[in-house]
Amino acid sequence: MSETTPFKLLICIDGSEEALRGMRYGAKLGGGVDAEITIMFVRRSDDAFASEGQTMRPVRENMLGWGVELPGMRFLEEARRTLIEYGWMQENWAHQEAQREFNGDPLGEFQVCYKSPEGHCIRLKLKTGRNIAEVVLGEAVAEGYDLVILGATGQRRGLSKFLMSSVAQKVVIHAPCSVLVARELEEGHGHLIGIDGSDKAYEAMIKDATVALRCKCPVSLISVAANEGDVDKAQAIVDEGRRRMEEAGLEVLETLTAVGHPVEELVKLGRAYSVIVLAAETNKGLGRFFMGGTAFNVVQMAENSVMVVR
């Protein structure tokens with residue numbers, strides 16, 4: 001991302017508290033006139049208005065008036081109000097509406113673009129599709145986002161943990177850009193970046209640290225040794241990470257090493273941070289995200305938020 005290219009952020013909401021936490025965090029990342037934020041709700045196309053007895057004219061009128069009774073619109077209105085409440089946008093920002101019908105559905109696609117006097121852009125978007133993950137992925141590809149944020153909310157696992165939803169799982173695997181899966185996301189605890197000494201890990205480290213700088217989030221580095229005999233190697237990896245960060249003009253709060261299984265150690269130690277960060281891994285033979293790799297398993301097992309960097 002160059003200095004003249006805006007930082008493009010897609011925040012997906014579904015009405016869950018996890019998604020709203022992700023939105024608030026994303027709004028901090030998207031501060032500044034060099035950022036473009038899109039907040040999107042995807043409505044399943046089988047949630048047809050015809051079944052609710054609504055005609056096209058009042059639907060259009062309610063859309064333009066941000067009627068909260070429409071499917072999905074109340075979540076976008078709630079998002080807008082939250083942004084105003086936190087001071088990330090103002091009531092008097094200029095706005096422009098646009099819409100496109102989808103298979104005869106008057107609310108197939110709807111967008112409101114708000115712009116500040118300084119040029120900061122926030123879009124609220126409603127899209128329709130039968131497969132929510134495919135709609136999110138299509139939006140990510142079409143608009144060239146730098147980061148997608150979505151909630152992890154799925155089925156409850158045990159007493160307090162949640163399995164990642166199938167939508168979040170598909171987006172993490174197939175997205176062309178970085179993805180942050182929001183789970184119990186709390187601000188102010190910084191990013192813990194896992195590195196293994198590979199060029200891809202160091203590249204992801206720099207990329208995330210640049211993003212973290214946008215919200216003044218402190219960055220820590222960690223490398224996990226398989227056994228006690230590899231601790232010196234792990235230390236050398238985080239030392240090299242610090243050197244590269246300083247060379248790029250980026251700060252490191254602390255460097256850590258651990259001994260054990262990478263997934264277990266990252267999940268355990270990562271609880272103290274807002275976000276655990278890892279580079280996306282690929283199966284080299286297939287050139288696609290490796291579902292059995294460390295990054296995928298950390299996203300699945302972590303109790304807090306995880307960012308997979310591409």
# chains A, B, ... in the order shown; residues from 1 in each chain; ligands from 1
>>> residues_around(residues="Asp199 (chain A)", least_positions_apart="3", cutoff="12 Å", atoms="only C-alpha atoms", output="PyMOL selection string")
chain A and resi 195-196+202-206+237+240-241+244+279+281
>>> residues_around(residues="region 218-222 of chain A", least_positions_apart="3", cutoff="6 Å", atoms="only C-alpha atoms", output="compact mmCIF listing (two decimals) with C-alpha atoms, in the first residue's frame")
# COMPACT_ATOMS: atom_id res chain seq x y z
CA GLY A 190 -1.85 -4.66 21.54
CA HIS A 191 -0.98 -7.12 18.80
CA LEU A 192 1.00 -10.33 19.37
CA ILE A 193 2.70 -11.28 16.09
CA GLY A 194 3.86 -14.86 15.70
CA VAL A 252 8.43 -3.30 19.18
CA LEU A 253 7.11 -3.29 22.73
CA GLU A 254 8.58 -6.69 23.65
CA THR A 255 9.92 -9.94 22.23
CA LEU A 256 8.90 -13.32 23.61
CA THR A 257 9.88 -16.95 23.17
>>> select_by_dssp(residues="region 92-276 of chain A", states="helix (DSSP H, G or I)", output="PyMOL selection string")
chain A and resi 132-143+166-174+199-214+228-247+262-270
>>> closest_residue(among="A:Arg214, A:Lys233, A:Arg130, A:Arg21", to="Ser305 (chain A)", atoms="only C-alpha atoms")
A:Arg21
>>> residues_around(residues="Ile122 (chain A)", least_positions_apart="6", cutoff="12 Å", atoms="only C-alpha atoms", output="ChimeraX atom specification")
/A:7-11,26-27,30-40,76,79-80,83-84,88-90,93-96,111-116
>>> closest_residue(among="A:Val231, A:Val224, A:Val238, A:Ala175", to="Gly260 (chain A)", atoms="only C-alpha atoms")
A:Val224
>>> select_by_dssp(residues="region 188-270 of chain A", states="strand (DSSP E)", output="MDAnalysis selection string")
chainID A and resid 191:194 219:225 254:259
>>> atom_distance(atom1="CA of Gly119 (chain A)", atom2="CA of Leu213 (chain A)")
21.0 Å
>>> atom_distance(atom1="CA of Leu126 (chain A)", atom2="CA of Phe110 (chain A)")
5.0 Å
>>> closest_residue(among="A:Ile173, A:Tyr145, A:Ala234, A:Cys215", to="Ser198 (chain A)", atoms="only C-alpha atoms")
A:Ala234
